[in-house]
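Chemist: Sharing a structure with you now.
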Amino acid sequence: MEPAILIITLLCGMLVSRIGLPPLIGYLGAGFVLFMFGIEDASLPLLQQLADLGVTLLLFAIGLKLDLKSLFKAEVWASSSLHVIGSLLFFVPILKLLGVLGIEQLTDLGINQLLLISFALSFSSTVFAVKALEDSGDMQSLYGRVAIGILIMQDIFAVLFLTISKGAVPSVWALGLLLLPFAKPLIYKVFDKVGHGEMLVLFGLVMALVVGAWLFETVGLKPDLGALIIGILLAGHAKASELAKSIYYFKELFLVAFFLTIGLNGLPTWADVGLAAILVALVPFKVMLFLYLLTRFRLRSRTSLLASFNLGNYSEFGLIVAAVAAHKGWLAPEWLIIIAVALSLSFLLAAPFNANVSKLYQKFQPYLTKLERHPLHPEDRQIRIGKPRFLILGMGRIGSGAFDELRLRYSGEILGIEHKQELVDFHRSAGRNVVQGDAGDTDFWEKLEKAPQLELVLLAMPHHVGNLFAVQQLKRLNYEGKISAIVQYAEDAEALRESGVDSVYNLYEAAGAGFVDHVIAELLETAAHSNEPQTAEKPGSVPKASC
């Protein structure tokens with residue numbers, strides 16, 4: 001039956017992807033289909049081992065991308081913490097009421113079991129949110145960064161639960177793990193030496209599964225916690241992002257096994273589907289609670305609404321919590337199936353709402369703006385740019401060079417836009433007029449004040465999609481000046497010209513021409529020196545060797 005497992009899983013994943021939903025819904029469905037054919041989780045121990053590896057690598061990957069400073073922002077740590085508390089206060093009495101009204105799965109549950117279910121329902125899906133942000137190009141937007149920060153905080157809450165659920169008292173040797181930060185220089189040296197390709201992947205697996213999971217489990221701690229902490233330890237390295245990408249498909253493949261094991265626990269009854277539908281009907285509460293909390297931390301109502309809808313679903317981490325609770329005997333196995341169905345249905349509901357959230361904001365803007373608190377968050381205020389004649393989007397090496405050349409001719413009339421605050425600070429210290437903003441973010445253009453004297457916009461962002469998006473936004477704002485762009489590939493140049501860019505500068509072609517000009521200049525200079533008359537040598541001097 002092994003070939004059938006792979007074929008059915010692939011077909012279900014493809015079918016779900018075709019309608020624009022995350023493939024994990026298909027993998028859950030594949031588990032149910034396989035169960036119908038008589039395959040059960042207990043008969044496939046290897047599948048369970050792969051599922052555990054998937055969860056471990058998921059936490060390791062989260063650690064690799066974790067910016068600890070972003071978690072210390074009140075709109076992230078406080079909003080996520082208060083939302084979990086608010087969710088418990090909301091879901092526990094609602095679930096208790098449903099039990100009183102005769103929902104059989106809830107009738108005999110105690111307060112501890114209700115708290116566990118409510119805790120699992122408080123999470124939002126990292127998989128869904130990241131996919132939605134990537135599809136919209138808003139990963140670096142303020143609302144995207146806030147949503148991702150909240151998701152990471154929720155992941156940390158889940159890891160703490162997994163650690164506590166282990167139940168065993170850690171060994172006294174666990175104190176030795178406090179020395180791990182002192183090993184960071186050595187680990188980073190090894191990280192530098194492994195290079196790229198398969199050696200980088202192997203290094204990542206060793207760090208996640210041996211130094212992280214195995215070492216922590218040896219001293220009585222949860223292996224998932226070890227993977228997360230080692231990921232955080234490596235997050236500051238220059239190749240952390242490359243490592244996260246290199247193990248991405250390992251993580252995704254092993255997580256397929258996790259979702260399959262959920263479905264292999266049994267088929268949902270009609271009563272289970274009905275209860276899951278009721279739980280999905282409660283998702284709007286999660287959205288409204290996020291909206292209220294984020295506006296309390298002085299984010300604009302638009303930013304808050306976009307982030308809230310991005311988080312308006314149930315989570316794969318809720319499944320992980322339910323799986324642990326079911327394994328420990330704290331919850332009946334049927335709850336794993338109910339939450340799996342609720343997760344799938346919540347994705348079906350969230351997808352169209354996320355696609356149309358901007359229209360919802362425009363419709364209800366007068367009411368939503370009443371929720372705002374002033375002064376607004378520093379990152380969410382109107383972007384004031386003054387009256388520049390030249391605007392440079394992207395202040396990397398090329399943008400910086402362009403700024404300096406323009407400054408030689410038009411001092412005081414140039415403005416650079418850069419989304420990384422550390423680069424903004426660097427440029428300002430160097431005397432450049434630069435403000436923070438992400439031109440690849442719809443929110444940036446919503447907050448940008450008008451510049452009536454603007455004559456030229458130079459697109460110097462590293463990604464073609466971002467440059468193309470900026471052109472679309474400039475046209476939407478009825479900008480009538482010139483637009484120039486820097487590209488790496490010929491097909492990108494053609495797409496930009498078709499979108500309305502006046503002049504396109506091919507980076508590689510120009511670099512080649514510049515290199516030849518430099519070589520010719522060097523050759524001419526050498527030839528000029530060789531034709532100079534030789535001066536008489538001083539007595540006793542050593543003659544120069546000829547070539």
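Every chain in the structure tokens has a letter given in the order shown (A, B, ...), and although residue numbers restart at 1 in each chain, ligands are simply numbered from 1 in the order shown.
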List the neighbours of region 372-385 of chain A out to 7 Å using only C-alpha atoms; skip same-chain residues closer than 4 positions along the sequence, and give me the result as a list in words.
Modeler: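 The contact residues come out as Thr295, Arg296, Arg298, Leu299, Arg300, Ser301, Lys447, Leu448 and Glu449 of chain A.
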Chemist: Can you write out as JSON lines which residues of region 349-444 of chain A fall within 10 Å of region 19-39 of chain A, alongside each residue's closest atom pair and its distance in Å to one decimal, counting only C-alpha atoms and ordering rows by chain and ascending residue number?
Modeler:
```
{"residue": "A:Ala350", "atom": "CA", "partner": "A:Leu21", "partner_atom": "CA", "distance": 9.9}
{"residue": "A:Ala351", "atom": "CA", "partner": "A:Leu21", "partner_atom": "CA", "distance": 7.4}
{"residue": "A:Pro352", "atom": "CA", "partner": "A:Gly20", "partner_atom": "CA", "distance": 9.9}
```
Chemist: Which of region 255-295 of chain A end up as alpha helix (DSSP H) when DSSP is run on this backbone - answer as a PyMOL selection string?
Modeler: chain A and resi 255-263+270-281+283-295
Chemist: For Leu175 (chain A), please output as a ChimeraX atom specification all residues within 12 Å (counting only C-alpha atoms; exclusion window: fewer than 2 positions along the same chain).
Modeler: /A:170-173,177-180,216,219-221
Chemist: Hey, can you spit out that residue selection with N, CA, C and O atoms as a PDB file, in the first residue's frame?
Modeler:
```
ATOM      1  N   PRO A 170      13.292  17.836  34.409  1.00  0.00           N
ATOM      2  CA  PRO A 170      14.556  17.822  33.669  1.00  0.00           C
ATOM      3  C   PRO A 170      15.719  17.361  34.543  1.00  0.00           C
ATOM      4  O   PRO A 170      15.729  17.540  35.765  1.00  0.00           O
ATOM      5  N   SER A 171      16.720  16.781  33.907  1.00  0.00           N
ATOM      6  CA  SER A 171      17.934  16.368  34.600  1.00  0.00           C
ATOM      7  C   SER A 171      18.712  17.597  35.062  1.00  0.00           C
ATOM      8  O   SER A 171      18.578  18.695  34.510  1.00  0.00           O
ATOM      9  N   VAL A 172      19.533  17.394  36.107  1.00  0.00           N
ATOM     10  CA  VAL A 172      20.374  18.487  36.581  1.00  0.00           C
ATOM     11  C   VAL A 172      21.345  18.926  35.482  1.00  0.00           C
ATOM     12  O   VAL A 172      21.803  20.074  35.445  1.00  0.00           O
ATOM     13  N   TRP A 173      21.627  18.027  34.527  1.00  0.00           N
ATOM     14  CA  TRP A 173      22.516  18.364  33.418  1.00  0.00           C
ATOM     15  C   TRP A 173      21.886  19.377  32.472  1.00  0.00           C
ATOM     16  O   TRP A 173      22.581  19.963  31.635  1.00  0.00           O
ATOM     17  N   LEU A 177      22.889  23.453  29.503  1.00  0.00           N
ATOM     18  CA  LEU A 177      22.446  24.070  28.257  1.00  0.00           C
ATOM     19  C   LEU A 177      22.572  25.598  28.307  1.00  0.00           C
ATOM     20  O   LEU A 177      22.552  26.265  27.264  1.00  0.00           O
ATOM     21  N   LEU A 178      22.686  26.145  29.504  1.00  0.00           N
ATOM     22  CA  LEU A 178      22.893  27.594  29.634  1.00  0.00           C
ATOM     23  C   LEU A 178      24.230  28.026  29.051  1.00  0.00           C
ATOM     24  O   LEU A 178      24.455  29.219  28.803  1.00  0.00           O
ATOM     25  N   LEU A 179      25.116  27.064  28.813  1.00  0.00           N
ATOM     26  CA  LEU A 179      26.427  27.378  28.239  1.00  0.00           C
ATOM     27  C   LEU A 179      26.390  27.437  26.709  1.00  0.00           C
ATOM     28  O   LEU A 179      27.394  27.809  26.084  1.00  0.00           O
ATOM     29  N   LEU A 180      25.253  27.073  26.106  1.00  0.00           N
ATOM     30  CA  LEU A 180      25.161  27.062  24.652  1.00  0.00           C
ATOM     31  C   LEU A 180      25.533  28.404  24.002  1.00  0.00           C
ATOM     32  O   LEU A 180      26.229  28.418  22.985  1.00  0.00           O
ATOM     33  N   PHE A 216      18.552  18.078  23.936  1.00  0.00           N
ATOM     34  CA  PHE A 216      17.549  18.528  24.901  1.00  0.00           C
ATOM     35  C   PHE A 216      16.769  17.346  25.464  1.00  0.00           C
ATOM     36  O   PHE A 216      16.461  17.307  26.666  1.00  0.00           O
ATOM     37  N   VAL A 219      18.623  15.453  28.283  1.00  0.00           N
ATOM     38  CA  VAL A 219      18.633  16.047  29.629  1.00  0.00           C
ATOM     39  C   VAL A 219      17.218  16.260  30.163  1.00  0.00           C
ATOM     40  O   VAL A 219      17.010  17.005  31.129  1.00  0.00           O
ATOM     41  N   GLY A 220      16.222  15.624  29.520  1.00  0.00           N
ATOM     42  CA  GLY A 220      14.865  15.642  30.058  1.00  0.00           C
ATOM     43  C   GLY A 220      13.994  16.783  29.606  1.00  0.00           C
ATOM     44  O   GLY A 220      12.943  17.036  30.198  1.00  0.00           O
ATOM     45  N   LEU A 221      14.396  17.498  28.529  1.00  0.00           N
ATOM     46  CA  LEU A 221      13.583  18.585  27.997  1.00  0.00           C
ATOM     47  C   LEU A 221      12.946  18.163  26.676  1.00  0.00           C
ATOM     48  O   LEU A 221      13.375  17.211  26.037  1.00  0.00           O
TER      49      LEU A 221
END
```
Chemist: Grab the CA of Leu454 (chain A) to CA of Gly481 (chain A) distance for me, in Å with one decimal place.
Modeler: 6.8 Å
Chemist: Between A:Arg145, A:Arg497, A:Lys184, A:Lys370, which is the closest to Asp438 (chain A) once you count only C-alpha atoms?
Modeler: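 Checking each of A:Arg145, A:Arg497, A:Lys184, A:Lys370 against Asp438 (chain A), counting only C-alpha atoms, the winner is A:Arg145.
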Chemist: Taking only C-alpha atoms into account, name the residue in A:Ala257, A:Leu349, A:Leu294, A:Leu53 that is nearest to Gly312 (chain A).
Modeler: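 Once distances to Gly312 (chain A) are computed over only C-alpha atoms, the minimum belongs to A:Leu349.
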